[in-house]
Every structure is written in structure tokens, then in C-alpha cells.
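One structure below.
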Amino acid sequence: MRGSVLVTWFDVTGRPAGTSQVRLRADRLVARHPADALLDGAVTAGRLAGARVRGALAAPATLLGCATHGTAALRGTGRVTFG
């Protein structure tokens, strides 16, 4: 798996406060929950540049179609740990 994730940070009023670009670790693919692999890597740009990232994502749609069609965007909820 290869790609990147753009995390958008929001302030207490709900307005965008900044972004962090995350580079994915291509060597980790989680077969049971493939969306979790989208949040495993390192921040390459933005507020937390240089931080390691690990997280879990509950995506409402399956990712199996991305192998043949690609995935441009994926919305979901989850938890991310930086550091």
C-alpha cells in the first residue's frame, strides 16, 4: 500500500486550524481492518512534522474496491496517536 493522508485540524469553533501530511508505511497491511493501514506512518509536513503516527479508522465503506478502482478519498472516524 502506498499513499498519503492529509489530516485537517479544527479549532474549538469548528474552523480549520491547520493540516498535517502523513506518509504511510507501505510494509504494514492490516487484513482484518485494512483502513487501519491508512493511519500508520510519519508526519512529513505541517504542525507535527517528524512525529510518528499510528491509529485506527472506522470507515463506513469497504476498502476492497480500492484494489481495482483506487480510492481518492475516505471519510471515517477513529483515533490517532502521534509521537
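Residue numbering restarts at 1 for every chain of the C-alpha cells, chains are lettered A, B, ... in their displayed order, and ligands are numbered from 1 as they appear.
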
Contacts of A:Val43 at 8 Å (only C-alpha atoms; same-chain gap of 6+ positions) as a list of chain:residue names
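So, after excluding close chain neighbours, the residues are A:Ser20, A:Gln21, A:Val22, A:Arg23, A:Ala49, A:Gly50, A:Ala51, A:Arg52, A:Val53.
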
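The two atoms in question, atom CA of A:Gly46 and atom CA of A:Leu6, are spaced 9.6 Å apart.
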
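Across A:Arg54, A:Thr8, A:Thr19, A:Gly3, the tightest approach to A:Asp40 is made by A:Arg54 when counting only C-alpha atoms.
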
Distance of atom CA of A:Thr13 from atom CA of A:Gly55, expressed in Å to one decimal place:
24.6 Å

Which residues are near A:Gly18? Cut-off 12 Å, only C-alpha atoms, ignore same chain within fewer than 4 positions. Put them as a PDB file with C-alpha atoms, in the first residue's frame.
ATOM      1  CA  LEU A   6      -3.987  14.770   4.919  1.00  0.00           C
ATOM      2  CA  VAL A   7      -5.165  15.400   8.489  1.00  0.00           C
ATOM      3  CA  THR A   8      -7.123  18.631   8.914  1.00  0.00           C
ATOM      4  CA  TRP A   9      -7.087  20.135  12.414  1.00  0.00           C
ATOM      5  CA  PHE A  10     -10.078  22.128  13.667  1.00  0.00           C
ATOM      6  CA  ASP A  11     -10.227  24.721  16.444  1.00  0.00           C
ATOM      7  CA  GLY A  14     -15.054  24.113  14.187  1.00  0.00           C
ATOM      8  CA  ALA A  45       4.689  18.280   6.726  1.00  0.00           C
ATOM      9  CA  GLY A  46       2.572  20.503   8.916  1.00  0.00           C
ATOM     10  CA  ARG A  47       2.192  21.154  12.623  1.00  0.00           C
ATOM     11  CA  LEU A  48       3.525  17.769  13.765  1.00  0.00           C
TER      12      LEU A  48
END
